[in-house]
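Undergrad: This is the structure I want to talk about, given as structure tokens.
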Amino acid sequence: METINTPYDDTFRTLLQDCPELVVPLINELFGTNYTGREVVVSNENEIFLRNPEGKKEKRVTDSNLTLISLKGISKRYHLECQSTADGTMEIRMWEYDAQIALMNKEYRDGVLYVKFPDSAVIYLRSNSNTPDELKICVCIGQKELFYEIPILKVKNYTLEEIFEKQLWMLIPFYIFRYEKEFRKINGDEKRLRSLRMEYENVAARLDQECQSGRMKPITGGALCELANNVVEKLASKYDNVEKEVTEVMGGKVLNYRSKEIFREAMEKGLEEGRRKGQEEGREEGLEEGRKEGRKEGRLEGRLEGREEGREEGRLEGSNQKTVELVTKKYQKGDSVSKIAEDLLMSVEEVEEILGKMTVSQ
């Protein structure tokens, strides 16, 4: 059984990669959790290798294998799959994925192997009255039966109002699926086309409001518009008028947002300007201290001290960056916060602070 990627899987993964904060409200909706949105979202390795019945190794790629870390350092692993069409293999695939993810984090205690399955769910882009609310797997061990239930989120069940009310913005690129069965009728009906366009103008306007209020980053708004375009271009490729009405609205909004390249370039320039200004202020402080001494020698010493402080700050910044990289690598390998702190001779609070900043950098 091979895993076949679709453009919609790619859209889902792109959102997780570029806008990881969007997955937090989705997890709250699926599992009834109360995350605040300030948690660190860490993407874990998503390539899994299995042996088929013939003994050959096969690769599976999950849509998401991620960890949420609270501000208190408590971590929880999640596995989400985005599925466009039910194919009768979802239960098998979820079991394979989850078992391998559990084994990645296996632990031996007192001669006992402990494996902890992630909290898993499936996002169905298409659904009907026969689509269940959860996948069920029964594990039989002797006379005991353990039921393993995996919740299903059906995108078509959510109105635009609910998506914005619950901040389920990650569903916006897939919102067009609710109209898929009506494409033929909409495509040839001016009134329906106007209605569809107005609905997406509403989407674009509300994304603007979220960005202006500060609840959403501009780059996130741009990504949602761009990916909504990508989805409708694939889904409605045979219906030119439907595609045109949506892409004109969402494509126009993309131009109003900063692209990833422009955003990152601006961030880099901003950081560089910040460093330069900080160095200048440091030198000025050194000069001011020298002036207070009232002697020419004092001014000279102040300049030298300011320069030396700038150099020392640069060295410390490089050292801190190495520490951040070490903490990140060790956590992505599965080390706990306390173990990382012990290995790197740091406090738990220092490790949590570094991990807490990872969300901002992502």
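To be explicit about the labels: the chains of the structure tokens are called A, B, and onward in the order shown, and within each one the residues are counted from 1, while ligands get numbers from 1 in the order they are shown.
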Hey, what's within 9 Å of Leu344 (chain A) if we count only C-alpha atoms and toss same-chain stuff fewer than 4 positions away? As a PDB file with C-alpha atoms, in the first residue's frame, please?

TA:
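Saved file around_27.pdb follows:
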ATOM      1  CA  THR A 323      23.203  26.863  22.732  1.00  0.00           C
ATOM      2  CA  LEU A 326      21.925  22.383  20.692  1.00  0.00           C
ATOM      3  CA  VAL A 327      18.674  22.699  22.658  1.00  0.00           C
ATOM      4  CA  LYS A 339      17.298  15.977  30.319  1.00  0.00           C
ATOM      5  CA  ILE A 340      18.363  18.800  27.979  1.00  0.00           C
TER       6      ILE A 340
END

Undergrad: Pick out the residues sitting within 7 Å of region 88-98 of chain A, and hand them over as a ChimeraX atom specification; count only C-alpha atoms, and ignore anything fewer than 3 positions along from it in its own chain.

TA: /A:101-102,117-118,135,137

Undergrad: Using only C-alpha atoms, pick whichever of A:Asp335, A:Glu325, A:Glu233, A:Glu243 has the shortest atom-to-atom distance to Ile354 (chain A).

TA: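 Going through A:Asp335, A:Glu325, A:Glu233, A:Glu243 one by one, the smallest distance to Ile354 (chain A) is for A:Glu325.
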
Undergrad: Excluding same-chain residues fewer than 4 positions from Asp119 (chain A), what lies within 12 Å of it counting only C-alpha atoms, as a PDB file with all heavy atoms, in the first residue's frame?

TA:
ATOM      1  N   ILE A  27      -6.182  21.761  17.033  1.00  0.00           N
ATOM      2  CA  ILE A  27      -6.008  20.726  18.050  1.00  0.00           C
ATOM      3  C   ILE A  27      -7.021  20.917  19.185  1.00  0.00           C
ATOM      4  O   ILE A  27      -7.606  19.954  19.685  1.00  0.00           O
ATOM      5  CB  ILE A  27      -4.565  20.737  18.577  1.00  0.00           C
ATOM      6  CG1 ILE A  27      -3.621  20.144  17.505  1.00  0.00           C
ATOM      7  CG2 ILE A  27      -4.436  19.955  19.881  1.00  0.00           C
ATOM      8  CD1 ILE A  27      -2.164  20.227  17.852  1.00  0.00           C
ATOM      9  N   ASN A  28      -7.249  22.169  19.576  1.00  0.00           N
ATOM     10  CA  ASN A  28      -8.261  22.433  20.604  1.00  0.00           C
ATOM     11  C   ASN A  28      -9.630  21.925  20.168  1.00  0.00           C
ATOM     12  O   ASN A  28     -10.371  21.335  20.963  1.00  0.00           O
ATOM     13  CB  ASN A  28      -8.342  23.940  20.891  1.00  0.00           C
ATOM     14  CG  ASN A  28      -7.197  24.438  21.764  1.00  0.00           C
ATOM     15  OD1 ASN A  28      -6.555  23.657  22.462  1.00  0.00           O
ATOM     16  ND2 ASN A  28      -6.934  25.724  21.723  1.00  0.00           N
ATOM     17  N   LEU A  30     -10.313  19.545  17.970  1.00  0.00           N
ATOM     18  CA  LEU A  30     -10.332  18.093  17.810  1.00  0.00           C
ATOM     19  C   LEU A  30     -10.315  17.347  19.138  1.00  0.00           C
ATOM     20  O   LEU A  30     -11.008  16.335  19.298  1.00  0.00           O
ATOM     21  CB  LEU A  30      -9.126  17.654  16.970  1.00  0.00           C
ATOM     22  CG  LEU A  30      -9.270  17.801  15.460  1.00  0.00           C
ATOM     23  CD1 LEU A  30      -7.906  17.758  14.785  1.00  0.00           C
ATOM     24  CD2 LEU A  30     -10.167  16.699  14.903  1.00  0.00           C
ATOM     25  N   PHE A  31      -9.543  17.833  20.086  1.00  0.00           N
ATOM     26  CA  PHE A  31      -9.308  17.067  21.309  1.00  0.00           C
ATOM     27  C   PHE A  31      -9.863  17.721  22.577  1.00  0.00           C
ATOM     28  O   PHE A  31      -9.656  17.206  23.673  1.00  0.00           O
ATOM     29  CB  PHE A  31      -7.808  16.805  21.475  1.00  0.00           C
ATOM     30  CG  PHE A  31      -7.191  16.070  20.313  1.00  0.00           C
ATOM     31  CD1 PHE A  31      -6.417  16.745  19.378  1.00  0.00           C
ATOM     32  CD2 PHE A  31      -7.415  14.712  20.131  1.00  0.00           C
ATOM     33  CE1 PHE A  31      -5.859  16.076  18.302  1.00  0.00           C
ATOM     34  CE2 PHE A  31      -6.863  14.036  19.058  1.00  0.00           C
ATOM     35  CZ  PHE A  31      -6.094  14.718  18.138  1.00  0.00           C
ATOM     36  N   GLY A  32     -10.538  18.853  22.418  1.00  0.00           N
ATOM     37  CA  GLY A  32     -11.127  19.504  23.580  1.00  0.00           C
ATOM     38  C   GLY A  32     -10.104  20.091  24.527  1.00  0.00           C
ATOM     39  O   GLY A  32     -10.378  20.267  25.712  1.00  0.00           O
ATOM     40  N   THR A  33      -8.917  20.408  24.017  1.00  0.00           N
ATOM     41  CA  THR A  33      -7.862  21.007  24.836  1.00  0.00           C
ATOM     42  C   THR A  33      -8.070  22.520  24.932  1.00  0.00           C
ATOM     43  O   THR A  33      -8.927  23.096  24.252  1.00  0.00           O
ATOM     44  CB  THR A  33      -6.482  20.694  24.249  1.00  0.00           C
ATOM     45  OG1 THR A  33      -6.489  20.981  22.840  1.00  0.00           O
ATOM     46  CG2 THR A  33      -6.133  19.219  24.430  1.00  0.00           C
ATOM     47  N   SER A  64       1.589  15.214   9.296  1.00  0.00           N
ATOM     48  CA  SER A  64       2.117  15.966  10.435  1.00  0.00           C
ATOM     49  C   SER A  64       2.476  15.019  11.567  1.00  0.00           C
ATOM     50  O   SER A  64       1.740  14.087  11.863  1.00  0.00           O
ATOM     51  CB  SER A  64       1.085  16.980  10.935  1.00  0.00           C
ATOM     52  OG  SER A  64       0.016  16.313  11.576  1.00  0.00           O
ATOM     53  N   ASN A  65       3.621  15.269  12.161  1.00  0.00           N
ATOM     54  CA  ASN A  65       4.072  14.584  13.363  1.00  0.00           C
ATOM     55  C   ASN A  65       4.689  15.681  14.215  1.00  0.00           C
ATOM     56  O   ASN A  65       5.825  16.090  13.988  1.00  0.00           O
ATOM     57  CB  ASN A  65       5.097  13.503  13.012  1.00  0.00           C
ATOM     58  CG  ASN A  65       5.722  12.869  14.244  1.00  0.00           C
ATOM     59  OD1 ASN A  65       5.219  13.013  15.358  1.00  0.00           O
ATOM     60  ND2 ASN A  65       6.837  12.174  14.051  1.00  0.00           N
ATOM     61  N   LEU A  66       3.912  16.203  15.119  1.00  0.00           N
ATOM     62  CA  LEU A  66       4.350  17.416  15.809  1.00  0.00           C
ATOM     63  C   LEU A  66       4.195  17.299  17.325  1.00  0.00           C
ATOM     64  O   LEU A  66       3.485  16.437  17.832  1.00  0.00           O
ATOM     65  CB  LEU A  66       3.578  18.629  15.291  1.00  0.00           C
ATOM     66  CG  LEU A  66       2.050  18.550  15.294  1.00  0.00           C
ATOM     67  CD1 LEU A  66       1.493  19.104  16.587  1.00  0.00           C
ATOM     68  CD2 LEU A  66       1.474  19.315  14.118  1.00  0.00           C
ATOM     69  N   THR A  67       4.891  18.198  18.008  1.00  0.00           N
ATOM     70  CA  THR A  67       4.844  18.257  19.471  1.00  0.00           C
ATOM     71  C   THR A  67       4.484  19.669  19.897  1.00  0.00           C
ATOM     72  O   THR A  67       5.020  20.638  19.359  1.00  0.00           O
ATOM     73  CB  THR A  67       6.207  17.869  20.078  1.00  0.00           C
ATOM     74  OG1 THR A  67       6.540  16.543  19.678  1.00  0.00           O
ATOM     75  CG2 THR A  67       6.156  17.937  21.595  1.00  0.00           C
ATOM     76  N   LEU A  68       3.573  19.782  20.857  1.00  0.00           N
ATOM     77  CA  LEU A  68       3.248  21.066  21.472  1.00  0.00           C
ATOM     78  C   LEU A  68       3.892  21.117  22.844  1.00  0.00           C
ATOM     79  O   LEU A  68       3.773  20.174  23.626  1.00  0.00           O
ATOM     80  CB  LEU A  68       1.733  21.241  21.607  1.00  0.00           C
ATOM     81  CG  LEU A  68       1.063  22.144  20.564  1.00  0.00           C
ATOM     82  CD1 LEU A  68       1.223  21.549  19.183  1.00  0.00           C
ATOM     83  CD2 LEU A  68      -0.406  22.350  20.895  1.00  0.00           C
ATOM     84  N   LYS A  76       3.384  17.392  24.469  1.00  0.00           N
ATOM     85  CA  LYS A  76       2.374  16.432  24.029  1.00  0.00           C
ATOM     86  C   LYS A  76       2.533  16.245  22.525  1.00  0.00           C
ATOM     87  O   LYS A  76       2.663  17.197  21.784  1.00  0.00           O
ATOM     88  CB  LYS A  76       0.977  16.971  24.343  1.00  0.00           C
ATOM     89  CG  LYS A  76      -0.164  16.049  23.941  1.00  0.00           C
ATOM     90  CD  LYS A  76      -0.316  14.883  24.889  1.00  0.00           C
ATOM     91  CE  LYS A  76      -1.548  14.057  24.573  1.00  0.00           C
ATOM     92  NZ  LYS A  76      -1.654  12.868  25.419  1.00  0.00           N
ATOM     93  N   ARG A  77       2.514  14.958  22.097  1.00  0.00           N
ATOM     94  CA  ARG A  77       2.724  14.668  20.679  1.00  0.00           C
ATOM     95  C   ARG A  77       1.378  14.452  19.978  1.00  0.00           C
ATOM     96  O   ARG A  77       0.480  13.815  20.523  1.00  0.00           O
ATOM     97  CB  ARG A  77       3.605  13.424  20.510  1.00  0.00           C
ATOM     98  CG  ARG A  77       4.108  13.242  19.077  1.00  0.00           C
ATOM     99  CD  ARG A  77       5.203  12.198  19.031  1.00  0.00           C
ATOM    100  NE  ARG A  77       6.423  12.681  19.651  1.00  0.00           N
ATOM    101  CZ  ARG A  77       7.563  12.856  19.002  1.00  0.00           C
ATOM    102  NH1 ARG A  77       7.645  12.601  17.728  1.00  0.00           N
ATOM    103  NH2 ARG A  77       8.628  13.273  19.632  1.00  0.00           N
ATOM    104  N   TYR A  78       1.288  15.005  18.754  1.00  0.00           N
ATOM    105  CA  TYR A  78       0.068  14.902  17.956  1.00  0.00           C
ATOM    106  C   TYR A  78       0.407  14.441  16.537  1.00  0.00           C
ATOM    107  O   TYR A  78       1.490  14.710  16.010  1.00  0.00           O
ATOM    108  CB  TYR A  78      -0.651  16.251  17.891  1.00  0.00           C
ATOM    109  CG  TYR A  78      -1.222  16.695  19.209  1.00  0.00           C
ATOM    110  CD1 TYR A  78      -0.485  17.510  20.066  1.00  0.00           C
ATOM    111  CD2 TYR A  78      -2.489  16.288  19.623  1.00  0.00           C
ATOM    112  CE1 TYR A  78      -1.001  17.910  21.290  1.00  0.00           C
ATOM    113  CE2 TYR A  78      -3.014  16.686  20.845  1.00  0.00           C
ATOM    114  CZ  TYR A  78      -2.262  17.492  21.670  1.00  0.00           C
ATOM    115  OH  TYR A  78      -2.767  17.885  22.885  1.00  0.00           O
ATOM    116  N   HIS A  79      -0.557  13.755  15.941  1.00  0.00           N
ATOM    117  CA  HIS A  79      -0.420  13.281  14.560  1.00  0.00           C
ATOM    118  C   HIS A  79      -1.730  13.578  13.831  1.00  0.00           C
ATOM    119  O   HIS A  79      -2.783  13.064  14.209  1.00  0.00           O
ATOM    120  CB  HIS A  79      -0.115  11.775  14.542  1.00  0.00           C
ATOM    121  CG  HIS A  79      -0.276  11.158  13.193  1.00  0.00           C
ATOM    122  ND1 HIS A  79      -0.801   9.900  13.005  1.00  0.00           N
ATOM    123  CD2 HIS A  79       0.011  11.628  11.949  1.00  0.00           C
ATOM    124  CE1 HIS A  79      -0.833   9.622  11.712  1.00  0.00           C
ATOM    125  NE2 HIS A  79      -0.356  10.651  11.057  1.00  0.00           N
ATOM    126  N   LEU A  80      -1.668  14.424  12.802  1.00  0.00           N
ATOM    127  CA  LEU A  80      -2.848  14.794  12.026  1.00  0.00           C
ATOM    128  C   LEU A  80      -2.643  14.421  10.568  1.00  0.00           C
ATOM    129  O   LEU A  80      -1.561  14.612  10.016  1.00  0.00           O
ATOM    130  CB  LEU A  80      -3.116  16.301  12.121  1.00  0.00           C
ATOM    131  CG  LEU A  80      -3.214  16.910  13.525  1.00  0.00           C
ATOM    132  CD1 LEU A  80      -3.454  18.402  13.430  1.00  0.00           C
ATOM    133  CD2 LEU A  80      -4.311  16.242  14.333  1.00  0.00           C
ATOM    134  N   GLU A  81      -3.685  13.884   9.955  1.00  0.00           N
ATOM    135  CA  GLU A  81      -3.660  13.562   8.536  1.00  0.00           C
ATOM    136  C   GLU A  81      -4.781  14.313   7.829  1.00  0.00           C
ATOM    137  O   GLU A  81      -5.896  14.431   8.347  1.00  0.00           O
ATOM    138  CB  GLU A  81      -3.838  12.060   8.306  1.00  0.00           C
ATOM    139  CG  GLU A  81      -2.656  11.220   8.718  1.00  0.00           C
ATOM    140  CD  GLU A  81      -1.411  11.455   7.873  1.00  0.00           C
ATOM    141  OE1 GLU A  81      -1.552  11.603   6.632  1.00  0.00           O
ATOM    142  OE2 GLU A  81      -0.306  11.496   8.450  1.00  0.00           O
ATOM    143  N   MET A  94      -3.328   4.928   9.693  1.00  0.00           N
ATOM    144  CA  MET A  94      -3.199   5.602  10.984  1.00  0.00           C
ATOM    145  C   MET A  94      -2.547   4.682  12.010  1.00  0.00           C
ATOM    146  O   MET A  94      -1.713   5.124  12.818  1.00  0.00           O
ATOM    147  CB  MET A  94      -4.569   6.066  11.479  1.00  0.00           C
ATOM    148  CG  MET A  94      -5.202   7.158  10.633  1.00  0.00           C
ATOM    149  SD  MET A  94      -4.228   8.682  10.534  1.00  0.00           S
ATOM    150  CE  MET A  94      -4.446   9.346  12.178  1.00  0.00           C
ATOM    151  N   TRP A  95      -2.910   3.412  11.998  1.00  0.00           N
ATOM    152  CA  TRP A  95      -2.288   2.461  12.920  1.00  0.00           C
ATOM    153  C   TRP A  95      -0.784   2.341  12.637  1.00  0.00           C
ATOM    154  O   TRP A  95       0.032   2.342  13.565  1.00  0.00           O
ATOM    155  CB  TRP A  95      -2.961   1.093  12.812  1.00  0.00           C
ATOM    156  CG  TRP A  95      -2.259   0.042  13.626  1.00  0.00           C
ATOM    157  CD1 TRP A  95      -1.395  -0.912  13.193  1.00  0.00           C
ATOM    158  CD2 TRP A  95      -2.353  -0.120  15.042  1.00  0.00           C
ATOM    159  NE1 TRP A  95      -0.950  -1.675  14.240  1.00  0.00           N
ATOM    160  CE2 TRP A  95      -1.514  -1.205  15.396  1.00  0.00           C
ATOM    161  CE3 TRP A  95      -3.059   0.538  16.048  1.00  0.00           C
ATOM    162  CZ2 TRP A  95      -1.377  -1.635  16.709  1.00  0.00           C
ATOM    163  CZ3 TRP A  95      -2.911   0.107  17.358  1.00  0.00           C
ATOM    164  CH2 TRP A  95      -2.080  -0.974  17.677  1.00  0.00           C
ATOM    165  N   TYR A  97       1.209   4.530  11.112  1.00  0.00           N
ATOM    166  CA  TYR A  97       1.877   5.772  11.481  1.00  0.00           C
ATOM    167  C   TYR A  97       2.038   5.886  12.995  1.00  0.00           C
ATOM    168  O   TYR A  97       3.129   6.161  13.508  1.00  0.00           O
ATOM    169  CB  TYR A  97       1.072   6.983  10.992  1.00  0.00           C
ATOM    170  CG  TYR A  97       0.969   7.142   9.497  1.00  0.00           C
ATOM    171  CD1 TYR A  97      -0.146   7.752   8.927  1.00  0.00           C
ATOM    172  CD2 TYR A  97       1.979   6.707   8.643  1.00  0.00           C
ATOM    173  CE1 TYR A  97      -0.254   7.921   7.554  1.00  0.00           C
ATOM    174  CE2 TYR A  97       1.875   6.869   7.272  1.00  0.00           C
ATOM    175  CZ  TYR A  97       0.756   7.475   6.733  1.00  0.00           C
ATOM    176  OH  TYR A  97       0.646   7.649   5.378  1.00  0.00           O
ATOM    177  N   ASP A  98       0.931   5.699  13.702  1.00  0.00           N
ATOM    178  CA  ASP A  98       0.948   5.929  15.150  1.00  0.00           C
ATOM    179  C   ASP A  98       1.855   4.942  15.875  1.00  0.00           C
ATOM    180  O   ASP A  98       2.543   5.300  16.833  1.00  0.00           O
ATOM    181  CB  ASP A  98      -0.469   5.850  15.715  1.00  0.00           C
ATOM    182  CG  ASP A  98      -1.328   7.030  15.268  1.00  0.00           C
ATOM    183  OD1 ASP A  98      -0.759   7.989  14.734  1.00  0.00           O
ATOM    184  OD2 ASP A  98      -2.555   6.969  15.453  1.00  0.00           O
ATOM    185  N   ALA A  99       1.851   3.673  15.416  1.00  0.00           N
ATOM    186  CA  ALA A  99       2.715   2.674  16.051  1.00  0.00           C
ATOM    187  C   ALA A  99       4.182   3.044  15.865  1.00  0.00           C
ATOM    188  O   ALA A  99       4.987   2.925  16.798  1.00  0.00           O
ATOM    189  CB  ALA A  99       2.437   1.287  15.466  1.00  0.00           C
ATOM    190  N   ILE A 101       5.401   6.122  15.254  1.00  0.00           N
ATOM    191  CA  ILE A 101       5.675   7.334  16.031  1.00  0.00           C
ATOM    192  C   ILE A 101       5.886   6.966  17.503  1.00  0.00           C
ATOM    193  O   ILE A 101       6.774   7.501  18.173  1.00  0.00           O
ATOM    194  CB  ILE A 101       4.523   8.347  15.877  1.00  0.00           C
ATOM    195  CG1 ILE A 101       4.514   8.910  14.451  1.00  0.00           C
ATOM    196  CG2 ILE A 101       4.660   9.483  16.893  1.00  0.00           C
ATOM    197  CD1 ILE A 101       3.299   9.763  14.129  1.00  0.00           C
ATOM    198  N   ALA A 102       5.059   6.034  18.002  1.00  0.00           N
ATOM    199  CA  ALA A 102       5.211   5.591  19.393  1.00  0.00           C
ATOM    200  C   ALA A 102       6.572   4.938  19.609  1.00  0.00           C
ATOM    201  O   ALA A 102       7.230   5.153  20.634  1.00  0.00           O
ATOM    202  CB  ALA A 102       4.083   4.626  19.754  1.00  0.00           C
ATOM    203  N   TYR A 148      -9.316   1.639  20.016  1.00  0.00           N
ATOM    204  CA  TYR A 148      -8.478   2.797  19.713  1.00  0.00           C
ATOM    205  C   TYR A 148      -9.291   3.689  18.771  1.00  0.00           C
ATOM    206  O   TYR A 148      -9.591   3.309  17.647  1.00  0.00           O
ATOM    207  CB  TYR A 148      -7.192   2.287  19.060  1.00  0.00           C
ATOM    208  CG  TYR A 148      -6.211   3.342  18.624  1.00  0.00           C
ATOM    209  CD1 TYR A 148      -5.943   4.460  19.392  1.00  0.00           C
ATOM    210  CD2 TYR A 148      -5.513   3.192  17.419  1.00  0.00           C
ATOM    211  CE1 TYR A 148      -5.020   5.402  18.981  1.00  0.00           C
ATOM    212  CE2 TYR A 148      -4.585   4.116  16.997  1.00  0.00           C
ATOM    213  CZ  TYR A 148      -4.351   5.230  17.784  1.00  0.00           C
ATOM    214  OH  TYR A 148      -3.442   6.158  17.378  1.00  0.00           O
ATOM    215  N   GLU A 149      -9.712   4.851  19.258  1.00  0.00           N
ATOM    216  CA  GLU A 149     -10.613   5.713  18.509  1.00  0.00           C
ATOM    217  C   GLU A 149      -9.890   6.973  18.045  1.00  0.00           C
ATOM    218  O   GLU A 149      -9.192   7.619  18.830  1.00  0.00           O
ATOM    219  CB  GLU A 149     -11.826   6.062  19.372  1.00  0.00           C
ATOM    220  CG  GLU A 149     -12.629   4.823  19.775  1.00  0.00           C
ATOM    221  CD  GLU A 149     -13.726   5.131  20.768  1.00  0.00           C
ATOM    222  OE1 GLU A 149     -13.679   6.223  21.366  1.00  0.00           O
ATOM    223  OE2 GLU A 149     -14.611   4.288  20.950  1.00  0.00           O
ATOM    224  N   ILE A 150     -10.080   7.315  16.773  1.00  0.00           N
ATOM    225  CA  ILE A 150      -9.398   8.446  16.155  1.00  0.00           C
ATOM    226  C   ILE A 150     -10.452   9.423  15.645  1.00  0.00           C
ATOM    227  O   ILE A 150     -11.225   9.096  14.733  1.00  0.00           O
ATOM    228  CB  ILE A 150      -8.511   7.979  14.985  1.00  0.00           C
ATOM    229  CG1 ILE A 150      -7.473   6.972  15.493  1.00  0.00           C
ATOM    230  CG2 ILE A 150      -7.841   9.161  14.304  1.00  0.00           C
ATOM    231  CD1 ILE A 150      -6.715   6.259  14.394  1.00  0.00           C
ATOM    232  N   PRO A 151     -10.536  10.625  16.218  1.00  0.00           N
ATOM    233  CA  PRO A 151     -11.574  11.581  15.802  1.00  0.00           C
ATOM    234  C   PRO A 151     -11.390  12.070  14.366  1.00  0.00           C
ATOM    235  O   PRO A 151     -10.271  12.130  13.852  1.00  0.00           O
ATOM    236  CB  PRO A 151     -11.425  12.730  16.803  1.00  0.00           C
ATOM    237  CG  PRO A 151     -10.026  12.615  17.323  1.00  0.00           C
ATOM    238  CD  PRO A 151      -9.694  11.150  17.311  1.00  0.00           C
TER     239      PRO A 151
END
